[in-house]
Structure formats: structure tokens, C-alpha cells
file final_4.cif (mmCIF, C-alpha atoms and all ligand atoms)
data_query
#
loop_
_atom_site.label_atom_id
_atom_site.label_comp_id
_atom_site.auth_asym_id
_atom_site.auth_seq_id
_atom_site.Cartn_x
_atom_site.Cartn_y
_atom_site.Cartn_z
CA MET A 1 22.72 52.11 6.42
CA LYS A 2 20.50 50.08 4.10
CA ILE A 3 19.87 51.49 0.65
CA LEU A 4 17.37 50.11 -1.84
CA VAL A 5 18.19 50.95 -5.47
CA LEU A 6 15.71 50.89 -8.36
CA ASN A 7 17.01 50.86 -11.94
CA ALA A 8 14.40 50.78 -14.68
CA GLY A 9 15.91 49.99 -18.11
CA SER A 10 13.93 49.75 -21.31
CA SER A 11 13.80 45.94 -21.17
CA SER A 12 14.18 45.29 -17.46
CA GLN A 13 13.66 46.51 -13.92
CA LYS A 14 16.62 45.83 -11.68
CA SER A 15 16.58 46.40 -7.92
CA CYS A 16 19.19 45.85 -5.22
CA LEU A 17 19.42 46.25 -1.46
CA TYR A 18 22.83 47.31 -0.13
CA TYR A 19 24.29 47.59 3.33
CA ILE A 20 26.92 50.29 3.71
CA PRO A 21 28.57 50.59 7.14
CA ASP A 22 28.39 54.21 8.37
CA ASP A 23 32.16 54.38 8.82
CA ALA A 24 32.84 53.07 5.29
CA ARG A 25 30.83 55.56 3.25
CA SER A 26 33.84 57.18 1.62
CA GLN A 27 35.60 53.88 0.94
CA HIS A 28 33.18 52.55 -1.67
CA ILE A 29 32.43 49.46 0.41
CA SER A 30 28.97 47.97 0.13
CA THR A 31 27.45 44.54 0.66
CA GLU A 32 24.67 43.40 -1.65
CA LEU A 33 22.00 41.80 0.57
CA TRP A 34 19.35 41.13 -2.06
CA SER A 35 18.91 41.71 -5.77
CA ALA A 36 16.02 41.23 -8.16
CA SER A 37 15.47 41.68 -11.84
CA ILE A 38 12.31 41.66 -13.86
CA ASP A 39 12.66 40.92 -17.56
CA TRP A 40 9.68 42.29 -19.49
CA THR A 41 10.77 40.99 -22.86
CA LYS A 42 10.77 37.18 -22.71
CA GLN A 43 7.21 36.84 -23.95
CA GLU A 44 4.34 39.28 -24.54
CA GLY A 45 2.17 39.51 -21.40
CA MET A 46 4.73 37.65 -19.28
CA ALA A 47 7.18 38.98 -16.73
CA ASN A 48 10.11 36.96 -15.48
CA LEU A 49 11.15 37.77 -11.90
CA LYS A 50 14.49 36.56 -10.58
CA VAL A 51 15.47 37.18 -6.96
CA GLU A 52 18.88 36.46 -5.44
CA SER A 53 19.60 36.56 -1.72
CA ASN A 54 20.64 34.29 1.17
CA GLY A 55 22.66 32.25 -1.34
CA LEU A 56 19.47 31.37 -3.25
CA VAL A 57 18.21 32.18 -6.73
CA VAL A 58 14.42 32.09 -7.01
CA GLU A 59 12.62 32.58 -10.32
CA GLU A 60 8.93 33.22 -10.94
CA THR A 61 7.00 33.87 -14.11
CA GLN A 62 3.92 36.09 -13.88
CA ALA A 63 1.33 36.07 -16.66
CA THR A 64 0.31 39.72 -16.56
CA ASN A 65 0.74 43.08 -18.24
CA ASP A 66 0.37 44.80 -14.87
CA GLN A 67 3.95 45.97 -14.31
CA LEU A 68 3.11 47.58 -10.96
CA ALA A 69 1.74 44.29 -9.59
CA VAL A 70 4.96 42.50 -10.61
CA MET A 71 7.05 45.22 -8.96
CA LYS A 72 5.02 44.92 -5.75
CA ARG A 73 5.58 41.17 -5.77
CA CYS A 74 9.27 41.78 -6.32
CA PHE A 75 9.58 43.96 -3.20
CA GLU A 76 7.51 41.48 -1.12
CA THR A 77 10.40 39.05 -1.50
CA LEU A 78 12.54 41.39 0.62
CA CYS A 79 10.51 40.44 3.70
CA GLU A 80 8.77 37.18 2.78
CA GLY A 81 9.77 33.64 1.98
CA ASP A 82 13.24 32.13 1.59
CA THR A 83 14.67 35.28 0.04
CA ALA A 84 13.70 37.53 2.97
CA VAL A 85 16.50 39.71 4.31
CA LEU A 86 14.40 42.23 6.26
CA GLU A 87 11.77 41.93 9.00
CA THR A 88 9.94 44.93 7.58
CA LEU A 89 10.46 47.28 4.67
CA ALA A 90 10.81 50.11 7.17
CA GLU A 91 14.39 48.91 7.78
CA VAL A 92 15.34 50.52 4.46
CA ASP A 93 17.02 53.85 5.29
CA PHE A 94 17.12 55.39 1.81
CA VAL A 95 15.89 54.62 -1.69
CA GLY A 96 18.01 55.56 -4.71
CA HIS A 97 16.59 55.71 -8.23
CA ARG A 98 18.30 55.77 -11.60
CA ILE A 99 16.43 58.56 -13.39
CA VAL A 100 17.16 58.54 -17.08
CA HIS A 101 16.41 62.15 -18.08
CA GLY A 102 17.15 65.06 -15.78
CA GLY A 103 17.15 67.73 -18.50
CA ARG A 104 19.06 70.92 -17.72
CA THR A 105 17.58 71.19 -14.26
CA TYR A 106 19.25 68.27 -12.52
CA GLN A 107 22.95 67.58 -12.85
CA GLN A 108 23.55 66.35 -9.30
CA PRO A 109 22.00 63.63 -7.14
CA THR A 110 18.85 65.18 -5.73
CA TRP A 111 16.43 64.46 -2.87
CA ILE A 112 13.08 63.61 -4.40
CA THR A 113 10.41 66.26 -3.78
CA GLU A 114 7.16 67.18 -5.51
CA ASP A 115 9.18 69.58 -7.73
CA VAL A 116 11.61 66.84 -8.75
CA LYS A 117 8.73 64.50 -9.60
CA ARG A 118 7.09 67.24 -11.66
CA THR A 119 10.29 67.76 -13.66
CA ILE A 120 10.71 64.02 -14.27
CA GLU A 121 7.13 64.00 -15.52
CA GLN A 122 7.67 67.04 -17.75
CA LEU A 123 10.66 65.26 -19.30
CA ILE A 124 8.62 62.16 -20.28
CA PRO A 125 8.40 63.24 -23.95
CA LEU A 126 12.21 63.22 -24.05
CA ALA A 127 12.58 59.74 -22.52
CA PRO A 128 9.22 58.04 -23.14
CA ASN A 129 10.54 54.53 -22.51
CA HIS A 130 12.21 55.38 -19.21
CA ASN A 131 10.97 58.40 -17.26
CA PRO A 132 7.41 56.97 -16.84
CA ALA A 133 8.85 53.78 -15.28
CA ASN A 134 11.15 55.89 -13.08
CA LEU A 135 8.18 57.90 -11.85
CA GLU A 136 6.14 54.75 -11.21
CA GLY A 137 9.02 53.41 -9.14
CA ILE A 138 9.13 56.60 -7.05
CA LYS A 139 5.38 56.55 -6.47
CA LEU A 140 5.40 52.88 -5.52
CA MET A 141 8.17 53.50 -3.00
CA GLU A 142 6.22 56.43 -1.55
CA LYS A 143 3.34 53.99 -0.95
CA LEU A 144 5.45 51.15 0.42
CA LEU A 145 7.91 53.34 2.36
CA PRO A 146 6.17 56.64 3.11
CA GLU A 147 8.75 57.75 5.69
CA THR A 148 11.88 56.85 3.72
CA PRO A 149 13.83 59.60 1.92
CA GLN A 150 14.36 58.98 -1.80
CA VAL A 151 17.19 60.21 -3.99
CA ALA A 152 17.24 60.66 -7.78
CA VAL A 153 20.55 59.90 -9.52
CA PHE A 154 20.49 61.11 -13.12
CA ASP A 155 21.79 59.23 -16.13
CA THR A 156 22.35 62.57 -17.88
CA ALA A 157 24.50 64.09 -15.12
CA PHE A 158 27.89 62.69 -16.17
CA HIS A 159 27.56 64.29 -19.61
CA SER A 160 26.37 67.66 -18.36
CA LYS A 161 29.75 69.33 -18.90
CA ILE A 162 30.55 68.10 -22.41
CA PRO A 163 31.98 70.91 -24.57
CA THR A 164 29.42 73.12 -26.27
CA THR A 165 30.54 71.93 -29.71
CA SER A 166 29.56 68.35 -28.71
CA ALA A 167 26.36 69.45 -26.99
CA ILE A 168 24.96 71.82 -29.58
CA TYR A 169 23.03 70.76 -32.69
CA PRO A 170 23.61 72.90 -35.77
CA LEU A 171 20.04 74.27 -35.68
CA PRO A 172 19.05 77.92 -35.28
CA TYR A 173 20.74 79.01 -32.03
CA GLN A 174 17.46 79.83 -30.28
CA TRP A 175 16.70 76.09 -29.95
CA TYR A 176 19.92 75.52 -28.05
CA GLU A 177 18.92 78.33 -25.70
CA GLN A 178 15.61 76.53 -25.23
CA GLY A 179 17.30 73.28 -24.19
CA ILE A 180 17.35 71.39 -27.51
CA CYS A 181 20.84 69.95 -27.12
CA ARG A 182 22.74 66.72 -26.50
CA TYR A 183 22.16 65.43 -22.96
CA GLY A 184 23.59 61.93 -23.32
CA PHE A 185 22.55 58.93 -21.20
CA HIS A 186 23.91 55.82 -19.42
CA GLY A 187 26.09 58.32 -17.54
CA ILE A 188 26.05 56.33 -14.29
CA SER A 189 27.39 53.32 -16.20
CA HIS A 190 29.94 55.23 -18.31
CA GLN A 191 31.36 56.92 -15.20
CA TYR A 192 31.43 53.69 -13.18
CA CYS A 193 33.22 51.86 -16.02
CA ALA A 194 35.78 54.63 -16.49
CA GLU A 195 36.66 54.59 -12.78
CA LYS A 196 36.81 50.80 -12.70
CA THR A 197 39.03 50.76 -15.81
CA ALA A 198 41.55 53.13 -14.24
CA LYS A 199 41.69 50.89 -11.15
CA LEU A 200 42.08 47.70 -13.18
CA LEU A 201 44.82 49.23 -15.33
CA ASN A 202 46.41 50.72 -12.24
CA GLN A 203 46.52 54.12 -13.88
CA ASP A 204 45.33 57.59 -13.04
CA LEU A 205 41.98 58.29 -14.72
CA ALA A 206 43.26 61.82 -15.35
CA ASN A 207 45.75 60.41 -17.87
CA LEU A 208 43.43 58.13 -19.82
CA LYS A 209 41.52 58.50 -23.08
CA LEU A 210 38.69 55.96 -23.03
CA VAL A 211 35.80 54.92 -25.22
CA THR A 212 33.20 53.19 -23.07
CA CYS A 213 30.69 51.08 -25.02
CA HIS A 214 27.49 50.56 -23.05
CA LEU A 215 25.74 47.96 -25.18
CA GLY A 216 22.47 46.90 -23.53
CA ASN A 217 19.00 47.03 -24.98
CA GLY A 218 19.66 50.75 -25.20
CA ALA A 219 23.24 51.43 -26.27
CA SER A 220 25.61 54.38 -26.25
CA LEU A 221 29.28 55.29 -26.39
CA ALA A 222 31.12 57.88 -24.35
CA ALA A 223 34.44 59.56 -25.09
CA ILE A 224 36.08 60.04 -21.68
CA LYS A 225 39.16 62.21 -21.23
CA ASN A 226 40.73 63.00 -17.84
CA GLY A 227 37.72 61.32 -16.20
CA HIS A 228 35.21 63.63 -17.94
CA SER A 229 32.72 62.80 -20.66
CA ILE A 230 33.63 64.98 -23.64
CA ASP A 231 31.34 63.39 -26.20
CA THR A 232 28.64 60.73 -26.38
CA THR A 233 26.45 59.15 -29.03
CA MET A 234 23.00 59.52 -27.45
CA GLY A 235 21.58 62.99 -27.71
CA PHE A 236 18.50 65.01 -26.84
CA THR A 237 16.76 61.66 -26.30
CA PRO A 238 18.00 58.05 -25.93
CA LEU A 239 17.12 57.49 -29.60
CA GLU A 240 20.23 58.98 -31.22
CA GLY A 241 23.52 57.23 -31.95
CA LEU A 242 24.07 53.49 -32.20
CA MET A 243 21.67 50.98 -33.68
CA MET A 244 20.04 49.29 -30.64
CA GLY A 245 17.70 46.43 -29.77
CA THR A 246 14.54 48.17 -30.99
CA ARG A 247 15.76 51.75 -31.57
CA CYS A 248 17.14 52.92 -34.89
CA GLY A 249 19.85 55.24 -33.56
CA SER A 250 21.00 58.02 -35.90
CA ILE A 251 19.15 58.26 -39.19
CA ASP A 252 18.71 61.07 -41.68
CA PRO A 253 16.07 63.37 -40.09
CA GLY A 254 14.79 63.83 -43.65
CA ILE A 255 13.36 60.30 -43.39
CA VAL A 256 11.08 61.41 -40.56
CA ILE A 257 9.87 64.41 -42.58
CA HIS A 258 9.28 62.15 -45.59
CA LEU A 259 7.32 59.55 -43.60
CA LEU A 260 5.11 62.19 -42.04
CA ARG A 261 4.56 64.16 -45.22
CA GLU A 262 4.39 61.52 -47.94
CA LYS A 263 3.53 58.21 -46.29
CA ASP A 264 0.55 59.23 -44.21
CA LEU A 265 2.02 57.90 -41.01
CA THR A 266 0.92 59.64 -37.86
CA LEU A 267 3.41 61.11 -35.46
CA ASP A 268 2.71 58.35 -32.93
CA GLN A 269 3.22 55.65 -35.57
CA VAL A 270 6.61 57.12 -36.49
CA ASP A 271 7.53 57.36 -32.80
CA VAL A 272 6.66 53.68 -32.20
CA MET A 273 8.49 52.64 -35.36
CA LEU A 274 11.73 54.43 -34.47
CA ASN A 275 11.73 53.49 -30.77
CA LYS A 276 10.19 50.03 -30.70
CA GLU A 277 10.24 48.45 -34.14
CA SER A 278 13.65 49.33 -35.51
CA GLY A 279 17.23 48.33 -34.65
CA LEU A 280 18.02 44.61 -34.42
CA LYS A 281 14.32 43.80 -34.26
CA GLY A 282 13.38 45.89 -37.28
CA LEU A 283 16.18 44.70 -39.55
CA SER A 284 16.06 41.02 -38.57
CA GLY A 285 12.30 40.68 -38.20
CA ILE A 286 13.20 38.14 -35.51
CA SER A 287 14.21 39.69 -32.23
CA ALA A 288 15.72 42.64 -30.38
CA ASP A 289 17.85 40.22 -28.40
CA MET A 290 21.44 39.83 -29.55
CA ARG A 291 21.41 36.19 -28.34
CA SER A 292 18.70 35.26 -30.85
CA ILE A 293 20.36 37.28 -33.62
CA THR A 294 23.72 35.54 -33.24
CA THR A 295 22.10 32.11 -32.99
CA GLU A 296 19.90 32.66 -36.04
CA MET A 297 22.43 34.37 -38.28
CA GLU A 298 24.03 31.09 -39.42
CA ASN A 299 20.89 30.32 -41.42
CA ASN A 300 19.04 33.56 -41.69
CA ASP A 301 20.18 36.38 -44.00
CA ARG A 302 18.15 39.08 -42.26
CA ALA A 303 19.60 38.15 -38.86
CA LYS A 304 23.07 38.30 -40.43
CA LEU A 305 22.30 41.69 -41.97
CA ALA A 306 21.08 42.99 -38.59
CA PHE A 307 24.26 41.77 -36.88
CA GLU A 308 26.61 43.21 -39.50
CA THR A 309 24.82 46.53 -39.56
CA TYR A 310 25.01 46.70 -35.74
CA ILE A 311 28.78 46.13 -35.91
CA HIS A 312 29.17 48.64 -38.74
CA HIS A 313 27.42 51.38 -36.78
CA LEU A 314 29.30 50.50 -33.62
CA CYS A 315 32.72 50.69 -35.31
CA ARG A 316 31.86 53.86 -37.16
CA GLN A 317 30.81 55.62 -33.98
CA ILE A 318 33.79 54.33 -32.01
CA GLY A 319 35.81 56.08 -34.75
CA ALA A 320 33.89 59.28 -34.07
CA MET A 321 34.59 59.07 -30.31
CA VAL A 322 38.30 58.45 -30.98
CA ALA A 323 38.32 61.55 -33.19
CA SER A 324 36.85 63.59 -30.33
CA LEU A 325 39.46 62.20 -27.93
CA GLU A 326 42.32 62.64 -30.41
CA GLY A 327 43.71 59.31 -29.24
CA LEU A 328 42.76 56.13 -27.45
CA ASP A 329 44.17 54.22 -24.48
CA ALA A 330 41.37 51.72 -23.88
CA ILE A 331 38.01 50.51 -25.16
CA VAL A 332 35.57 49.24 -22.57
CA PHE A 333 32.69 46.86 -23.28
CA THR A 334 29.81 46.78 -20.82
CA ALA A 335 26.06 46.03 -20.28
CA GLY A 336 24.06 43.03 -21.54
CA VAL A 337 25.59 42.73 -25.02
CA GLY A 338 28.98 44.28 -24.22
CA GLU A 339 29.61 41.97 -21.26
CA ASN A 340 28.27 38.76 -22.73
CA SER A 341 28.63 38.70 -26.48
CA ALA A 342 32.14 37.50 -27.39
CA ILE A 343 31.33 37.68 -31.08
CA VAL A 344 30.29 41.35 -30.91
CA ARG A 345 33.59 42.23 -29.18
CA GLN A 346 35.62 40.09 -31.55
CA GLU A 347 34.10 41.50 -34.75
CA THR A 348 34.39 45.04 -33.43
CA CYS A 349 38.01 44.74 -32.29
CA GLN A 350 39.04 43.02 -35.51
CA ARG A 351 37.86 46.05 -37.48
CA LEU A 352 39.67 48.41 -35.12
CA GLY A 353 43.06 46.92 -35.92
CA TYR A 354 43.95 50.20 -37.66
CA LEU A 355 43.87 51.88 -34.23
CA GLY A 356 46.33 49.37 -32.80
CA VAL A 357 43.62 47.24 -31.16
CA ASP A 358 44.59 43.57 -30.88
CA LEU A 359 42.29 41.23 -28.97
CA ASP A 360 43.36 38.09 -27.13
CA VAL A 361 40.77 35.90 -28.86
CA GLU A 362 40.97 33.08 -26.30
CA LYS A 363 40.49 35.40 -23.32
CA ASN A 364 37.61 37.09 -25.11
CA LYS A 365 35.76 33.81 -25.68
CA ASN A 366 34.93 33.35 -21.99
CA SER A 367 33.55 36.86 -21.50
CA PRO A 368 35.62 37.38 -18.33
CA LYS A 369 34.29 40.21 -16.17
CA ASN A 370 36.49 43.09 -15.08
CA GLU A 371 39.47 41.95 -17.12
CA ASP A 372 41.77 43.25 -19.82
CA ILE A 373 41.23 41.04 -22.88
CA ALA A 374 43.72 42.75 -25.22
CA SER A 375 46.79 40.80 -26.33
CA ASN A 376 50.15 41.73 -24.84
CA ASN A 377 51.05 43.44 -28.13
CA SER A 378 47.94 45.56 -28.35
CA GLN A 379 48.58 49.32 -28.35
CA VAL A 380 45.09 49.85 -26.92
CA ARG A 381 43.76 47.99 -23.89
CA VAL A 382 40.35 46.28 -24.25
CA LEU A 383 38.30 45.67 -21.11
CA VAL A 384 35.10 43.88 -20.26
CA ILE A 385 33.55 45.54 -17.23
CA HIS A 386 30.44 44.41 -15.43
CA THR A 387 28.57 47.66 -15.09
CA ASP A 388 27.28 48.06 -11.58
CA GLU A 389 25.00 51.04 -11.98
CA ASP A 390 23.16 49.97 -8.85
CA SER A 391 26.10 49.94 -6.46
CA ALA A 392 27.25 53.25 -7.99
CA ILE A 393 23.81 54.70 -7.16
CA ALA A 394 24.01 53.31 -3.61
CA GLN A 395 27.46 54.90 -3.14
CA THR A 396 26.17 58.22 -4.42
CA VAL A 397 23.20 58.08 -2.05
CA SER A 398 25.43 57.19 0.92
CA GLN A 399 27.63 60.18 0.18
CA ILE A 400 24.82 62.72 0.29
CA ALA A 401 22.86 61.03 3.12
N1 LIG B 1 24.77 36.16 -23.42
C1 LIG B 1 24.38 37.20 -24.14
N2 LIG B 1 24.80 37.37 -25.42
C2 LIG B 1 24.41 38.41 -26.16
N3 LIG B 1 23.59 39.37 -25.71
C3 LIG B 1 23.13 39.26 -24.46
C4 LIG B 1 23.50 38.20 -23.60
N4 LIG B 1 22.89 38.38 -22.41
C5 LIG B 1 22.17 39.52 -22.53
N5 LIG B 1 22.29 40.05 -23.75
C6 LIG B 1 21.67 41.25 -24.31
O1 LIG B 1 21.59 42.26 -23.34
C7 LIG B 1 20.36 42.98 -23.49
C8 LIG B 1 19.95 43.54 -22.16
O2 LIG B 1 20.99 44.35 -21.67
P1 LIG B 1 20.79 45.23 -20.35
O3 LIG B 1 22.04 46.01 -20.18
O4 LIG B 1 20.38 44.36 -19.24
O5 LIG B 1 19.57 46.11 -20.86
P2 LIG B 1 18.68 47.29 -20.31
O6 LIG B 1 19.32 47.81 -19.06
O7 LIG B 1 18.72 48.27 -21.44
O8 LIG B 1 17.32 46.74 -20.05
C9 LIG B 1 19.37 41.93 -24.00
O9 LIG B 1 18.43 42.52 -24.82
C10 LIG B 1 20.26 41.00 -24.80
O10 LIG B 1 20.22 41.39 -26.14
C1 LIG B 2 18.95 55.42 -21.58
C2 LIG B 2 18.70 54.01 -21.97
O1 LIG B 2 18.56 53.72 -23.14
O2 LIG B 2 18.66 53.10 -20.97
P1 LIG B 2 18.50 51.51 -21.12
O3 LIG B 2 19.64 51.05 -21.94
O4 LIG B 2 18.59 51.02 -19.69
O5 LIG B 2 17.21 51.26 -21.77
MG MG B 3 20.47 49.32 -18.53
#

call {"tool": "encode", "arguments": {"input": "final_4.cif", "output": "C-alpha cells", "more": "lines below"}}
Ligand SMILES: Nc1ncnc2c1ncn2[C@@H]1O[C@H](COP(=O)(O)OP(=O)(O)O)[C@@H](O)[C@H]1O
Ligand SMILES: CC(=O)OP(=O)(O)O
Ligand SMILES: [Mg+2]
result
Amino acid sequence: MKILVLNAGSSSQKSCLYYIPDDARSQHISTELWSASIDWTKQEGMANLKVESNGLVVEETQATNDQLAVMKRCFETLCEGDTAVLETLAEVDFVGHRIVHGGRTYQQPTWITEDVKRTIEQLIPLAPNHNPANLEGIKLMEKLLPETPQVAVFDTAFHSKIPTTSAIYPLPYQWYEQGICRYGFHGISHQYCAEKTAKLLNQDLANLKLVTCHLGNGASLAAIKNGHSIDTTMGFTPLEGLMMGTRCGSIDPGIVIHLLREKDLTLDQVDVMLNKESGLKGLSGISADMRSITTEMENNDRAKLAFETYIHHLCRQIGAMVASLEGLDAIVFTAGVGENSAIVRQETCQRLGYLGVDLDVEKNKNSPKNEDIASNNSQVRVLVIHTDEDSAIAQTVSQIA
């Protein structure tokens, strides 16, 4: 079967077409026929489209703010030009979507119906940077592939069984009953990385205590014990936890009350500030992109401050996850920053020496994918894993199809 996967992140739209032989569904075998990514962040009003298939890499830059038009163009390349791998789009058997917020309603992969779309829409206030793009993706696919069944795979699902003490906020209990609780995100990635880690270490996932660090534009940690998420840094929305590209992560909620009450900021202004103008971008005044921060920090104090604060928050919250796990066998780095920034891993691991973490600095320098980069003496393994949320979604779809 051929499965098209759509994964809308806060800074990018990634899509992949997989072929999974019918007799190999349970064996986690898939072939990637085509992949595309759209980067919305390179320059205001510009979208960068990169398509890979047939051994080619084709890049296009579109000068537009019309995200739907860029997405349409992206899917045209499945059937047109040198990157074509299909005669017609109708050859796609199923479409799988990463849906960021599933709330309490959806904790399993789910066939997309009008009800499912309505719930995704109702959850927009809880994931304003993601659920709208997810819904757009579903609607576009309904137009392009009206006969093709679509499946929603939820980023919240993996965390849906975390213990109540991790899930509940110490607010009046009625709010918990009304669904104000920790949902956690990046679950597809955290679960994929945990399974991959167990394979790479040749150990049973049931015996491992892991902290998975998903450091992309959005960033979160998960504490994984016996293969289950038992704690995570993102919460009711993808705003809590680590300092991120443009999001502040955890701050004193009193600041929000103060800004609204004393500083005459409107609710929308505070929302934009916390979600889009904070984090690396807010502190540095330069960029949300870790590449620019690490390049600039040699000569720029604010870039250096942004970097050091990022590492401080990361290490502090890794400590919190280790406390929840009551131990640690491995730390896993993944996603854009986690996979590619040697300096982020090095600075982090250096500060975690007290936990018995000892990095092989030479191995770390090359950012090897799917490898253990801890020294032989390290009491804790350190892995860099290329998160393949998309193939994980395709596998999930193939198992329910
Ligand atoms: N070589 C690199 N060094 C440091 N950071 C990088 C590198 N490549 C990508 N990144 C970071 O990864 C981020 C994107 O991560 P990604 O996981 O693709 O994000 P998302 O899915 O949230 O859109 C970019 O904002 C950039 O900061
Ligand atoms: C949930 C979330 O923050 O996702 P992303 O990192 O893809 O923006
Ligand atoms: Mg992502």
C-alpha cells in the first residue's frame, strides 16, 4: 500500500510517501518513495520547498504568504516533473496526519470523520500554532484525494497514561475534571526514539529508564520508563516546559497576570509574545534558529545569553525528568537542534557529569545519526536519533488499515 504522511510543525511542513508491502505490515518495513519539506521561516513572505525522490533533490523558493498554494505545489511534484513517482494522486491508498492536540477524546489513531475534524477545530485554542495547519492539511487532502481514507495520529497519545500526579496541575480539582491537565506533545517522536534506542542498545525497552530530548523549533522532554511516558515537560499546550525557538516555556504565571493587569497588554498581545516572540528569538533579538545563535554568540552577548539560558533550562528539566524516573540509563537527543547541534549536546552532557554522563567528544562532533555517542566509561548512554515521525505515522496507519 502507498501511504502519504503530512506532518505540520511550527516552522515546517514535512510530507512523505511510503510504500509498505501488504505482507510486511507487522515488520516495520517501509520504503520512502518521495519526501518534501517546506520551511516557512527562512525569510518573511518566502517559502522554501525541497523535494527528494528518484535520487534527485529539487529546491524551489516561492515568494508568497499563501501557505495552501505552496502545499498544493508541493503535492503536484508527486505526479509532475523529474520528482514524479505516481501517475495520479489516486494511487495513494491512505493519508496519515500528525495531529498535535487530540485532547482527552483521542488517544488512539483514528479514521478522520466530520466529528474528528470538529474536535481538532475545537482544540485550536490549545494548539494555535499547529491544529489549524493540521486541519488545513486534512481539508486539502479531501480536495485532492476525495476517495482516500485519512487517519489522524495524535502527538498527545503517547502521554495519555502518565500518572495523575504528573498530569494534574495543583489548581482547584474541578479544572482537572474539566480537562485542564498536562497532555504533553511530540509523543510520536518520543515513542519512536525510545523504541529505536532499545534496538540500538540491544536491550529490552521494558528495562530502560530514558530521557528523550526532542529539540526542534518546539522542544520537549519525556521521561520514559518500561516503554511508557511517565512525565513530560510540555503541558496543557505546547507552550510549557523548555525554552524554545520562539516560545518561552515555563515562566511564573504571575508574569501573565501582571502584564495583563498592569502593562495594558491585550490578551492577544501576550499570546503572541509568549508563543512567537520569546525563547531564543526573544532573548537574542536575532533569531529563533539555533544555527544563527551559535554562529553569532562569539561576538554577540545577547546571542550568548540566549544560548546559555537554553542550556540552563534544558539541564534543569532533564534533572526533573531523572527525578521522575528515579534513575537514568540513556539520554536521547533528537529533532532539528538535538540531531544537528554538537555544541548543544556537548554543553548539556558536560553539565550532567554528576549523573555519570560522559560524552565521547570526537564522536559527538560529527552529529552521527542513530549512534551511541557516550564514552566507554559513561554510566549513562547518550544517543543521537534521527526522529522519523513520518515513517512511524505510516506504520501506525498500515496497522489499522
Ligand atoms: N545544523 C543545525 N544546528 C543547529 N540547529 C539546527 C540545525 N539544523 C536545524 N536546526 C534547528 O532545528 C530547528 C527545526 O527543527 P525541526 O525539528 O525540524 O522543527 P519543527 O518540526 O518544530 O518545525 C530549526 O529552527 C533550527 O533551529
Ligand atoms: C508540539 C510542537 O511544538 O511541535 P513542533 O515542534 O513540530 O512545532
Ligand atoms: Mg517537528

call {"tool": "residues_around", "arguments": {"input": "final_4.cif", "residues": "Leu68 of chain A", "least_positions_apart": "3", "cutoff": "8 Å", "atoms": "only C-alpha atoms", "output": "list of chain:residue names"}}
result
A:Met71, A:Lys72, A:Glu136, A:Leu140

call {"tool": "residues_around", "arguments": {"input": "final_4.cif", "residues": "segment 107-120 of chain A", "least_positions_apart": "5", "cutoff": "6 Å", "atoms": "all atoms listed in the file", "output": "PyMOL selection string"}}
result
chain A and resi 150-153+157

call {"tool": "axis_aligned_box", "arguments": {"input": "final_4.cif", "around": "ligand LIG 1 (chain B)", "padding_each_side": "6 Å", "output": "AutoDock Vina command-line options"}}
result
--center_x 21.1 --center_y 42.2 --center_z -22.6 --size_x 19.5 --size_y 24.1 --size_z 19.1

call {"tool": "atom_distance", "arguments": {"input": "final_4.cif", "atom1": "atom CA of Ser37 of chain A", "atom2": "atom CA of Lys2 of chain A"}}
result
18.7 Å

call {"tool": "residues_near_ligand", "arguments": {"input": "final_4.cif", "ligand": "ligand MG 3 (chain B)", "cutoff": "9 Å", "atoms": "all atoms listed in the file", "output": "PyMOL selection string"}}
result
chain A and resi 7-14+186+189+214-219+335-336+387+389

call {"tool": "write_last_selection", "arguments": {"input": "final_4.cif", "atoms": "C-alpha atoms", "output": "PDB file, in the frame of the given file"}}
result
ATOM      1  CA  ASN A   7      17.010  50.860 -11.940  1.00  0.00           C
ATOM      2  CA  ALA A   8      14.400  50.780 -14.680  1.00  0.00           C
ATOM      3  CA  GLY A   9      15.910  49.990 -18.110  1.00  0.00           C
ATOM      4  CA  SER A  10      13.930  49.750 -21.310  1.00  0.00           C
ATOM      5  CA  SER A  11      13.800  45.940 -21.170  1.00  0.00           C
ATOM      6  CA  SER A  12      14.180  45.290 -17.460  1.00  0.00           C
ATOM      7  CA  GLN A  13      13.660  46.510 -13.920  1.00  0.00           C
ATOM      8  CA  LYS A  14      16.620  45.830 -11.680  1.00  0.00           C
ATOM      9  CA  HIS A 186      23.910  55.820 -19.420  1.00  0.00           C
ATOM     10  CA  SER A 189      27.390  53.320 -16.200  1.00  0.00           C
ATOM     11  CA  HIS A 214      27.490  50.560 -23.050  1.00  0.00           C
ATOM     12  CA  LEU A 215      25.740  47.960 -25.180  1.00  0.00           C
ATOM     13  CA  GLY A 216      22.470  46.900 -23.530  1.00  0.00           C
ATOM     14  CA  ASN A 217      19.000  47.030 -24.980  1.00  0.00           C
ATOM     15  CA  GLY A 218      19.660  50.750 -25.200  1.00  0.00           C
ATOM     16  CA  ALA A 219      23.240  51.430 -26.270  1.00  0.00           C
ATOM     17  CA  ALA A 335      26.060  46.030 -20.280  1.00  0.00           C
ATOM     18  CA  GLY A 336      24.060  43.030 -21.540  1.00  0.00           C
ATOM     19  CA  THR A 387      28.570  47.660 -15.090  1.00  0.00           C
ATOM     20  CA  GLU A 389      25.000  51.040 -11.980  1.00  0.00           C
TER      21      GLU A 389
END

call {"tool": "residues_around", "arguments": {"input": "final_4.cif", "residues": "Tyr192 of chain A", "least_positions_apart": "5", "cutoff": "12 Å", "atoms": "only C-alpha atoms", "output": "PyMOL selection string"}}
result
chain A and resi 28+155+158+186-187+197-199+205+212+214+222+224+227-229+332+334-335+370+385-393+395-396
